>>> print(open('input.tsv').read())   # TSV, C-alpha atoms
chain	number	residue	atom	x	y	z
A	1	PRO	CA	-0.56	61.69	92.98
A	2	PRO	CA	2.97	63.10	92.51
A	3	PRO	CA	3.13	66.39	90.55
A	4	MET	CA	4.57	64.92	87.33
A	5	PHE	CA	2.03	62.12	87.27
A	6	ALA	CA	-0.76	64.56	88.09
A	7	ARG	CA	-0.01	66.42	84.88
A	8	SER	CA	-0.07	63.30	82.73
A	9	LEU	CA	-2.97	62.01	80.68
A	10	ALA	CA	-3.05	58.90	82.84
A	11	GLY	CA	-3.12	61.05	85.94
A	12	ARG	CA	-6.04	63.10	84.66
A	13	THR	CA	-7.90	59.91	83.84
A	14	LEU	CA	-7.36	58.51	87.33
A	15	ARG	CA	-8.40	61.76	88.97
A	16	ALA	CA	-11.58	61.80	86.93
A	17	ALA	CA	-12.42	58.25	87.89
A	18	GLY	CA	-11.14	58.34	91.46
A	19	ARG	CA	-8.13	56.46	92.81
A	20	VAL	CA	-7.78	52.85	91.77
A	21	PRO	CA	-8.28	50.68	94.87
A	22	ARG	CA	-5.30	48.57	95.89
A	23	SER	CA	-7.58	45.54	95.87
A	24	VAL	CA	-8.08	46.00	92.14
A	25	ILE	CA	-4.34	46.18	91.58
A	26	ARG	CA	-3.77	43.06	93.71
A	27	THR	CA	-6.43	41.06	91.87
A	28	ALA	CA	-5.35	42.19	88.41
A	29	THR	CA	-2.95	39.28	88.10
A	30	VAL	CA	-2.93	36.20	85.92
A	31	ALA	CA	-4.30	33.08	87.58
A	32	SER	CA	-1.62	30.51	88.32
A	33	ASP	CA	-3.23	27.93	86.02
A	34	THR	CA	-3.54	30.33	83.07
A	35	PRO	CA	-0.65	30.41	80.56
A	36	VAL	CA	0.89	33.84	80.29
A	37	VAL	CA	0.43	35.34	76.82
A	38	ARG	CA	3.56	37.24	75.95
A	39	PRO	CA	3.67	39.77	73.11
A	40	PRO	CA	5.67	38.84	70.03
A	41	PRO	CA	9.11	40.43	69.61
A	42	PRO	CA	9.10	43.80	67.85
A	43	ARG	CA	9.66	43.91	64.12
A	44	LEU	CA	12.92	45.40	62.90
A	45	PHE	CA	12.82	47.87	60.02
A	46	ALA	CA	15.96	48.66	58.01
A	47	PHE	CA	17.13	52.14	57.09
A	48	GLU	CA	16.78	51.66	53.33
A	49	ASP	CA	13.17	50.49	53.66
A	50	ILE	CA	12.32	53.41	55.95
A	51	VAL	CA	13.77	55.95	53.52
A	52	ALA	CA	11.78	54.42	50.65
A	53	SER	CA	8.52	54.30	52.61
A	54	VAL	CA	8.38	57.43	54.81
A	55	THR	CA	8.71	60.72	52.93
A	56	PRO	CA	8.18	64.38	53.94
A	57	GLU	CA	4.78	64.77	52.27
A	58	LYS	CA	3.48	61.80	54.32
A	59	VAL	CA	4.81	63.23	57.58
A	60	ILE	CA	3.86	66.92	57.41
A	61	PRO	CA	0.07	66.54	57.94
A	62	ALA	CA	0.59	64.27	60.95
A	63	VAL	CA	3.07	66.65	62.57
A	64	GLU	CA	0.76	69.59	61.88
A	65	GLU	CA	-2.09	67.82	63.68
A	66	ALA	CA	0.26	66.87	66.52
A	67	PHE	CA	1.16	70.54	67.08
A	68	ALA	CA	-2.54	71.45	67.28
A	69	LYS	CA	-3.19	68.66	69.79
A	70	LEU	CA	-0.12	69.68	71.78
A	71	SER	CA	-1.59	73.17	72.19
A	72	ARG	CA	-4.85	71.64	73.46
A	73	GLY	CA	-3.10	69.49	76.07
A	74	GLU	CA	-3.79	66.27	74.18
A	75	VAL	CA	-0.18	65.09	73.97
A	76	GLU	CA	1.83	63.50	76.73
A	77	VAL	CA	5.36	64.75	76.11
A	78	PRO	CA	8.14	64.76	78.71
A	79	MET	CA	11.18	67.00	78.66
A	80	PRO	CA	14.01	65.60	76.53
A	81	MET	CA	16.89	63.68	78.04
A	82	HIS	CA	20.40	64.58	76.92
A	83	ILE	CA	23.52	62.45	77.33
A	84	GLY	CA	26.80	64.10	76.42
A	85	ILE	CA	29.65	61.86	75.27
A	86	GLU	CA	32.85	63.70	76.03
A	87	GLU	CA	35.83	63.17	73.79
A	88	THR	CA	38.40	60.79	75.24
A	89	ALA	CA	40.80	58.24	73.81
A	90	THR	CA	37.96	55.70	73.77
A	91	ALA	CA	34.84	57.76	73.07
A	92	GLY	CA	33.17	60.75	71.47
A	93	PRO	CA	32.70	63.50	71.03
A	94	GLY	CA	28.95	63.23	70.51
A	95	ASP	CA	25.50	63.71	71.93
A	96	CYS	CA	22.48	61.54	72.54
A	97	HIS	CA	18.96	63.00	72.63
A	98	ILE	CA	16.04	60.93	73.92
A	99	LYS	CA	12.54	62.18	73.19
A	100	GLY	CA	9.10	60.68	72.86
A	101	GLY	CA	5.42	61.09	73.46
A	102	TYR	CA	1.89	59.87	73.12
A	103	ILE	CA	-0.87	61.66	71.20
A	104	LEU	CA	-4.31	61.16	72.72
A	105	GLY	CA	-6.37	58.73	70.65
A	106	ASP	CA	-3.46	57.23	68.70
A	107	SER	CA	-2.91	53.48	68.66
A	108	THR	CA	0.86	53.81	69.23
A	109	TRP	CA	3.34	55.81	71.23
A	110	THR	CA	7.02	56.39	70.50
A	111	VAL	CA	10.41	56.79	72.16
A	112	LYS	CA	13.24	58.09	69.96
A	113	LEU	CA	16.99	57.79	70.51
A	114	ALA	CA	18.97	60.23	68.35
A	115	ASN	CA	22.76	60.07	68.39
A	116	VAL	CA	24.29	63.16	66.81
A	117	SER	CA	27.50	65.15	66.38
A	118	PHE	CA	29.81	62.13	66.32
A	119	TYR	CA	31.98	64.04	63.86
A	120	LYS	CA	34.94	61.67	64.08
A	121	ASN	CA	32.79	59.22	62.14
A	122	LEU	CA	33.48	61.27	59.01
A	123	GLN	CA	37.10	60.11	59.14
A	124	LYS	CA	35.78	56.55	58.78
A	125	ASN	CA	33.36	57.44	55.97
A	126	MET	CA	30.45	57.07	58.40
A	127	PRO	CA	27.68	59.62	59.03
A	128	PRO	CA	27.95	61.65	62.24
A	129	GLY	CA	24.40	60.76	63.29
A	130	SER	CA	22.37	57.61	63.89
A	131	GLY	CA	19.34	56.55	65.87
A	132	VAL	CA	16.29	54.39	66.40
A	133	PHE	CA	12.55	54.90	66.89
A	134	VAL	CA	10.81	52.41	69.19
A	135	VAL	CA	7.08	52.37	68.40
A	136	CYS	CA	4.89	50.74	71.04
A	137	ASP	CA	1.32	49.45	71.24
A	138	ALA	CA	-0.83	51.99	73.11
A	139	VAL	CA	-3.19	49.23	74.29
A	140	ASN	CA	-0.77	46.79	75.92
A	141	GLY	CA	2.47	48.80	75.98
A	142	ALA	CA	4.48	46.23	74.05
A	143	PRO	CA	7.08	47.38	71.51
A	144	LEU	CA	5.73	46.87	67.99
A	145	GLY	CA	8.63	48.01	65.84
A	146	ILE	CA	12.22	49.13	66.06
A	147	PHE	CA	13.01	51.52	63.23
A	148	MET	CA	16.73	51.76	62.42
A	149	GLU	CA	16.15	55.19	60.98
A	150	ASN	CA	19.64	56.67	61.35
A	151	ARG	CA	18.15	60.17	61.53
A	152	HIS	CA	15.80	59.82	58.54
A	153	LEU	CA	12.61	59.93	60.65
A	154	THR	CA	14.12	62.57	62.92
A	155	ASP	CA	15.07	64.70	59.92
A	156	CYS	CA	11.58	64.19	58.42
A	157	ARG	CA	9.89	65.45	61.55
A	158	THR	CA	12.34	68.36	61.88
A	159	GLY	CA	11.74	69.29	58.26
A	160	ALA	CA	8.00	69.01	58.82
A	161	ALA	CA	8.21	71.59	61.63
A	162	GLY	CA	10.05	73.91	59.25
A	163	ALA	CA	7.43	73.40	56.55
A	164	ILE	CA	4.59	74.09	58.99
A	165	SER	CA	6.40	77.24	60.15
A	166	VAL	CA	6.62	78.45	56.56
A	167	LYS	CA	2.97	77.59	55.89
A	168	TYR	CA	1.70	79.75	58.76
A	169	PHE	CA	4.34	82.49	59.09
A	170	VAL	CA	5.71	83.21	55.61
A	171	ALA	CA	3.80	85.34	53.09
A	172	PRO	CA	3.16	83.73	49.68
A	173	HIS	CA	5.18	86.44	47.90
A	174	HIS	CA	8.30	85.85	50.02
A	175	LYS	CA	10.40	83.90	47.53
A	176	LYS	CA	14.02	84.21	48.69
A	177	VAL	CA	15.38	81.77	51.29
A	178	ALA	CA	18.76	81.46	53.01
A	179	PHE	CA	20.26	78.49	54.82
A	180	ILE	CA	22.89	79.22	57.48
A	181	GLY	CA	24.53	75.86	58.00
A	182	THR	CA	24.19	73.39	55.15
A	183	GLY	CA	24.25	69.96	56.75
A	184	ALA	CA	21.59	67.29	57.09
A	185	ILE	CA	19.03	69.53	58.82
A	186	ALA	CA	19.25	72.17	56.08
A	187	THR	CA	18.62	69.49	53.46
A	188	SER	CA	15.60	68.19	55.39
A	189	MET	CA	14.21	71.70	55.78
A	190	ALA	CA	14.62	72.53	52.10
A	191	ARG	CA	12.95	69.31	50.97
A	192	ALA	CA	10.01	69.57	53.35
A	193	VAL	CA	9.40	73.27	52.72
A	194	ALA	CA	9.15	72.56	48.99
A	195	CYS	CA	5.94	70.67	49.78
A	196	VAL	CA	4.20	73.84	51.00
A	197	HIS	CA	5.92	76.88	49.45
A	198	GLY	CA	7.53	77.76	46.14
A	199	PHE	CA	10.82	79.54	46.72
A	200	GLU	CA	12.53	80.98	43.65
A	201	GLN	CA	16.03	81.85	44.90
A	202	GLY	CA	18.21	80.22	47.52
A	203	PHE	CA	21.30	81.40	49.38
A	204	ALA	CA	23.68	79.15	51.27
A	205	TYR	CA	26.41	79.84	53.81
A	206	ALA	CA	28.59	77.38	55.71
A	207	LEU	CA	31.99	77.54	57.35
A	208	ASP	CA	33.08	75.08	54.67
A	209	PRO	CA	32.36	76.72	51.29
A	210	ALA	CA	32.67	73.38	49.51
A	211	GLN	CA	29.87	71.96	51.67
A	212	ALA	CA	27.70	74.99	50.93
A	213	LYS	CA	28.30	74.53	47.20
A	214	ASP	CA	27.46	70.81	47.35
A	215	PHE	CA	24.25	71.64	49.23
A	216	GLY	CA	23.27	74.36	46.79
A	217	ASP	CA	23.98	72.21	43.75
A	218	ALA	CA	22.02	69.28	45.15
A	219	MET	CA	19.01	71.39	46.13
A	220	HIS	CA	19.01	73.21	42.78
A	221	ALA	CA	18.91	69.87	40.97
A	222	GLU	CA	16.24	68.44	43.26
A	223	LEU	CA	13.98	71.43	43.93
A	224	GLY	CA	14.40	73.42	40.73
A	225	TYR	CA	15.41	76.88	41.97
A	226	PRO	CA	18.97	78.30	41.86
A	227	PHE	CA	21.27	78.67	44.86
A	228	GLN	CA	24.00	81.22	45.40
A	229	VAL	CA	26.86	80.37	47.76
A	230	CYS	CA	27.55	83.42	49.96
A	231	GLU	CA	30.95	84.46	51.25
A	232	THR	CA	29.52	85.77	54.54
A	233	VAL	CA	26.53	85.13	56.74
A	234	GLU	CA	25.59	88.79	56.40
A	235	GLU	CA	25.34	88.48	52.62
A	236	ALA	CA	22.99	85.50	52.92
A	237	VAL	CA	20.79	87.06	55.60
A	238	ARG	CA	20.46	90.44	53.86
A	239	SER	CA	19.43	88.68	50.64
A	240	ALA	CA	16.59	86.57	52.05
A	241	ASP	CA	12.96	86.86	53.11
A	242	VAL	CA	13.23	83.61	55.06
A	243	ILE	CA	16.31	82.47	56.98
A	244	PHE	CA	16.84	78.94	58.26
A	245	THR	CA	19.58	78.63	60.89
A	246	GLN	CA	20.81	75.16	61.85
A	247	THR	CA	24.28	75.38	63.31
A	248	PRO	CA	25.76	73.62	66.36
A	249	GLY	CA	27.45	76.76	67.72
A	250	SER	CA	27.05	78.63	70.99
A	251	SER	CA	27.14	82.22	69.70
A	252	PRO	CA	24.76	84.26	67.50
A	253	VAL	CA	25.02	83.77	63.74
A	254	LEU	CA	23.19	86.92	62.61
A	255	GLU	CA	22.47	90.52	63.59
A	256	LEU	CA	19.26	92.52	63.79
A	257	ASP	CA	20.26	95.17	61.25
A	258	TRP	CA	20.98	92.50	58.62
A	259	LEU	CA	17.33	91.39	58.56
A	260	LYS	CA	14.61	92.60	56.22
A	261	PRO	CA	11.73	94.10	58.29
A	262	HIS	CA	9.43	91.27	57.15
A	263	ALA	CA	11.94	88.43	57.57
A	264	THR	CA	11.02	85.07	59.02
A	265	ILE	CA	13.79	83.30	60.95
A	266	ILE	CA	13.35	79.57	61.54
A	267	ALA	CA	15.98	78.56	64.10
A	268	SER	CA	16.54	74.88	64.79
A	269	GLY	CA	20.17	74.73	65.92
A	270	SER	CA	19.63	75.11	69.65
A	271	ASP	CA	18.41	71.90	71.27
A	272	GLN	CA	20.50	71.85	74.44
A	273	PRO	CA	21.67	74.46	76.97
A	274	THR	CA	25.11	74.88	75.40
A	275	LYS	CA	23.80	76.04	72.00
A	276	SER	CA	22.57	79.42	70.77
A	277	GLU	CA	22.12	81.07	67.34
A	278	ILE	CA	19.92	84.15	67.77
A	279	PRO	CA	20.91	87.32	69.70
A	280	ASP	CA	18.65	88.75	72.38
A	281	ASP	CA	17.80	91.92	70.47
A	282	VAL	CA	16.45	89.88	67.54
A	283	MET	CA	14.28	87.82	69.86
A	284	LYS	CA	12.99	90.92	71.60
A	285	ALA	CA	12.19	92.68	68.30
A	286	SER	CA	10.40	89.67	66.83
A	287	LYS	CA	7.00	88.12	67.05
A	288	MET	CA	8.49	85.06	68.72
A	289	VAL	CA	6.90	81.65	68.32
A	290	CYS	CA	8.06	78.44	70.03
A	291	ASP	CA	7.35	74.81	69.31
A	292	LEU	CA	7.00	74.28	73.08
A	293	VAL	CA	7.65	77.21	75.41
A	294	ARG	CA	8.62	75.17	78.47
A	295	GLN	CA	11.17	73.27	76.38
A	296	CYS	CA	12.52	76.33	74.55
A	297	ALA	CA	12.99	77.98	77.95
A	298	LYS	CA	15.38	75.17	78.91
A	299	VAL	CA	17.21	74.26	75.68
A	300	GLY	CA	16.09	76.64	72.90
A	301	GLU	CA	16.92	80.15	71.77
A	302	LEU	CA	14.46	81.52	74.33
A	303	ARG	CA	16.72	80.28	77.12
A	304	THR	CA	19.41	82.92	76.52
A	305	ALA	CA	16.90	85.79	76.46
A	306	LEU	CA	15.39	84.57	79.72
A	307	GLU	CA	18.79	84.23	81.36
A	308	SER	CA	19.83	87.74	80.32
A	309	GLY	CA	16.51	89.27	81.37
A	310	ALA	CA	15.80	90.51	77.86
A	311	MET	CA	12.51	88.58	77.76
A	312	THR	CA	10.08	86.64	79.89
A	313	GLU	CA	8.01	83.65	78.82
A	314	ASP	CA	5.01	86.01	78.62
A	315	ASP	CA	6.79	87.86	75.79
A	316	VAL	CA	6.49	84.80	73.55
A	317	TYR	CA	3.66	85.43	71.10
A	318	ALA	CA	2.48	81.83	70.72
A	319	GLU	CA	3.32	78.20	70.38
A	320	ILE	CA	3.09	76.84	66.84
A	321	GLY	CA	0.17	74.63	67.82
A	322	GLU	CA	-1.93	77.62	68.90
A	323	VAL	CA	-1.62	79.06	65.40
A	324	VAL	CA	-2.23	75.72	63.69
A	325	ALA	CA	-5.33	75.20	65.83
A	326	GLY	CA	-6.66	78.65	64.86
A	327	ASP	CA	-6.46	80.12	68.35
A	328	LYS	CA	-4.03	82.85	67.25
A	329	PRO	CA	-3.19	84.30	63.82
A	330	GLY	CA	0.15	83.58	62.16
A	331	ARG	CA	1.69	86.23	59.94
A	332	GLU	CA	-0.48	89.37	59.97
A	333	GLY	CA	1.60	91.80	57.89
A	334	ASP	CA	5.24	92.74	57.43
A	335	GLU	CA	6.36	91.96	60.98
A	336	LEU	CA	9.65	90.28	61.89
A	337	ILE	CA	8.96	86.70	63.02
A	338	LEU	CA	11.23	84.22	64.81
A	339	ILE	CA	10.37	80.52	65.17
A	340	ASP	CA	12.27	78.66	67.91
A	341	LEU	CA	12.32	74.93	67.05
A	342	THR	CA	13.79	72.54	69.61
A	343	GLY	CA	12.06	69.38	68.38
A	344	THR	CA	9.24	67.93	70.48
A	345	GLY	CA	8.24	64.42	71.45
A	346	ALA	CA	4.87	65.19	69.88
A	347	GLN	CA	6.57	65.26	66.47
A	348	ASP	CA	8.33	61.97	67.18
A	349	ALA	CA	5.07	60.36	68.30
A	350	ALA	CA	3.34	61.54	65.12
A	351	VAL	CA	6.11	60.27	62.85
A	352	GLY	CA	6.30	56.98	64.73
A	353	THR	CA	2.60	56.40	64.11
A	354	VAL	CA	2.98	57.29	60.43
A	355	ALA	CA	5.93	54.93	60.04
A	356	TRP	CA	4.14	52.06	61.77
A	357	ASN	CA	0.92	52.58	59.84
A	358	ILE	CA	2.84	52.49	56.54
A	359	MET	CA	5.36	49.77	57.26
A	360	GLY	CA	3.72	47.69	59.98
A	361	ALA	CA	0.91	46.79	57.59
A	362	LYS	CA	3.33	45.25	55.09
>>> encode(input="input.tsv", output="structure tokens")
Amino acid sequence: PPPMFARSLAGRTLRAAGRVPRSVIRTATVASDTPVVRPPPPRLFAFEDIVASVTPEKVIPAVEEAFAKLSRGEVEVPMPMHIGIEETATAGPGDCHIKGGYILGDSTWTVKLANVSFYKNLQKNMPPGSGVFVVCDAVNGAPLGIFMENRHLTDCRTGAAGAISVKYFVAPHHKKVAFIGTGAIATSMARAVACVHGFEQGFAYALDPAQAKDFGDAMHAELGYPFQVCETVEEAVRSADVIFTQTPGSSPVLELDWLKPHATIIASGSDQPTKSEIPDDVMKASKMVCDLVRQCAKVGELRTALESGAMTEDDVYAEIGEVVAGDKPGREGDELILIDLTGTGAQDAAVGTVAWNIMGAK
């Protein structure tokens, strides 16, 4: 079989069983006198119902298990597809990310369409992001549900990855957290992390100080610990044990000598080849962990270190799933740790199954 198919779960199954004879394929058709049974149309789920039904604490365990299975080769997850919408008189600017996957043994599989960075929407009092999850039947392939999630499920699974990173790589006594970039992803991270770790002091920095203040005020009211709005990135980074970076920029947002020796950096801003948040010397000095090395090498922070020659893929300590599965330890002492999160189809598949199991049964 072709190389891509040979690496797939279906390909491994066929190799184990031998090639399927063409005669079987030819005879696997419906008899002319038998009515064709067509699957029912997929159910449509509205944003408000999704928000009310699918919450971070319901998503985190499923994403955690998905990471472990990903490390064991039990998830079929292709590389993401990216469509850039250039700004013209009739379009953009914006980006579309298409991800998906299937977790071995699950009853569903998922394809996710995430439309982000349509910042002109703000002028129309519309959010800059939207999207849908299409959850399909793993037995017959038919679409079961279309979830008009408008980033809620995407943000839940992104936040879940942040929470899992904190669970395995942040020491219990590390209580100060900084958020560099205070948009939707920062909010999702803060909410999800509160399910697994009790921070006591927050720091926020954004290019727009008013946005940073709104974020800090909202998170203080919701999560119960105070936030300080910082005038500079350096102030926020020097103050924190844990630093979340989630900016859309293409240049580093912090420096090595700003970091506490035991700091944990959870970087989720880079998800395409034009983005970057972390400088090479920080990556090289860190115990670096990726959600998926082959994906981070193409669209994550790791990409820039590979391109400059500062690192090789062998310099990456582990994938998150290896630590979740118990194959490698997480935090071992006071080392500097960097988590490179690009968002995997395994997470989307896990969240799609959770959403269908909760809402499809209603």
>>> residues_around(input="input.tsv", residues="Leu254 (chain A)", least_positions_apart="6", cutoff="8 Å", atoms="only C-alpha atoms", output="number ranges by chain")
A: 233-234, 237, 277-279
>>> closest_residue(input="input.tsv", among="A:Thr304, A:Asn357, A:Thr245, A:Thr344", to="Gly321 (chain A)", atoms="all atoms listed in the file")
A:Thr344
>>> closest_residue(input="input.tsv", among="A:Ala91, A:Ala142, A:Ile83, A:Ala163", to="Gly198 (chain A)", atoms="all atoms listed in the file")
A:Ala163
>>> residues_around(input="input.tsv", residues="Gly352 (chain A)", least_positions_apart="4", cutoff="7 Å", atoms="all atoms listed in the file", output="list in words")
Thr110, Phe133, Val135, Asp348 and Trp356 of chain A
>>> residues_around(input="input.tsv", residues="Gly343 (chain A)", least_positions_apart="4", cutoff="12 Å", atoms="all atoms listed in the file", output="MDAnalysis selection string")
chainID A and resid 63 67 77:80 97:101 112 114 154:162 185 267:272 290:293 295:296 299:300 320 339 347:349
>>> write_last_selection(input="input.tsv", atoms="C-alpha atoms", output="mmCIF file, in the coordinates of the input")
data_model
loop_
_atom_site.group_PDB
_atom_site.id
_atom_site.type_symbol
_atom_site.label_atom_id
_atom_site.label_comp_id
_atom_site.auth_asym_id
_atom_site.auth_seq_id
_atom_site.Cartn_x
_atom_site.Cartn_y
_atom_site.Cartn_z
ATOM 1 C CA VAL A 63 3.070 66.650 62.570
ATOM 2 C CA PHE A 67 1.160 70.540 67.080
ATOM 3 C CA VAL A 77 5.360 64.750 76.110
ATOM 4 C CA PRO A 78 8.140 64.760 78.710
ATOM 5 C CA MET A 79 11.180 67.000 78.660
ATOM 6 C CA PRO A 80 14.010 65.600 76.530
ATOM 7 C CA HIS A 97 18.960 63.000 72.630
ATOM 8 C CA ILE A 98 16.040 60.930 73.920
ATOM 9 C CA LYS A 99 12.540 62.180 73.190
ATOM 10 C CA GLY A 100 9.100 60.680 72.860
ATOM 11 C CA GLY A 101 5.420 61.090 73.460
ATOM 12 C CA LYS A 112 13.240 58.090 69.960
ATOM 13 C CA ALA A 114 18.970 60.230 68.350
ATOM 14 C CA THR A 154 14.120 62.570 62.920
ATOM 15 C CA ASP A 155 15.070 64.700 59.920
ATOM 16 C CA CYS A 156 11.580 64.190 58.420
ATOM 17 C CA ARG A 157 9.890 65.450 61.550
ATOM 18 C CA THR A 158 12.340 68.360 61.880
ATOM 19 C CA GLY A 159 11.740 69.290 58.260
ATOM 20 C CA ALA A 160 8.000 69.010 58.820
ATOM 21 C CA ALA A 161 8.210 71.590 61.630
ATOM 22 C CA GLY A 162 10.050 73.910 59.250
ATOM 23 C CA ILE A 185 19.030 69.530 58.820
ATOM 24 C CA ALA A 267 15.980 78.560 64.100
ATOM 25 C CA SER A 268 16.540 74.880 64.790
ATOM 26 C CA GLY A 269 20.170 74.730 65.920
ATOM 27 C CA SER A 270 19.630 75.110 69.650
ATOM 28 C CA ASP A 271 18.410 71.900 71.270
ATOM 29 C CA GLN A 272 20.500 71.850 74.440
ATOM 30 C CA CYS A 290 8.060 78.440 70.030
ATOM 31 C CA ASP A 291 7.350 74.810 69.310
ATOM 32 C CA LEU A 292 7.000 74.280 73.080
ATOM 33 C CA VAL A 293 7.650 77.210 75.410
ATOM 34 C CA GLN A 295 11.170 73.270 76.380
ATOM 35 C CA CYS A 296 12.520 76.330 74.550
ATOM 36 C CA VAL A 299 17.210 74.260 75.680
ATOM 37 C CA GLY A 300 16.090 76.640 72.900
ATOM 38 C CA ILE A 320 3.090 76.840 66.840
ATOM 39 C CA ILE A 339 10.370 80.520 65.170
ATOM 40 C CA GLN A 347 6.570 65.260 66.470
ATOM 41 C CA ASP A 348 8.330 61.970 67.180
ATOM 42 C CA ALA A 349 5.070 60.360 68.300
#
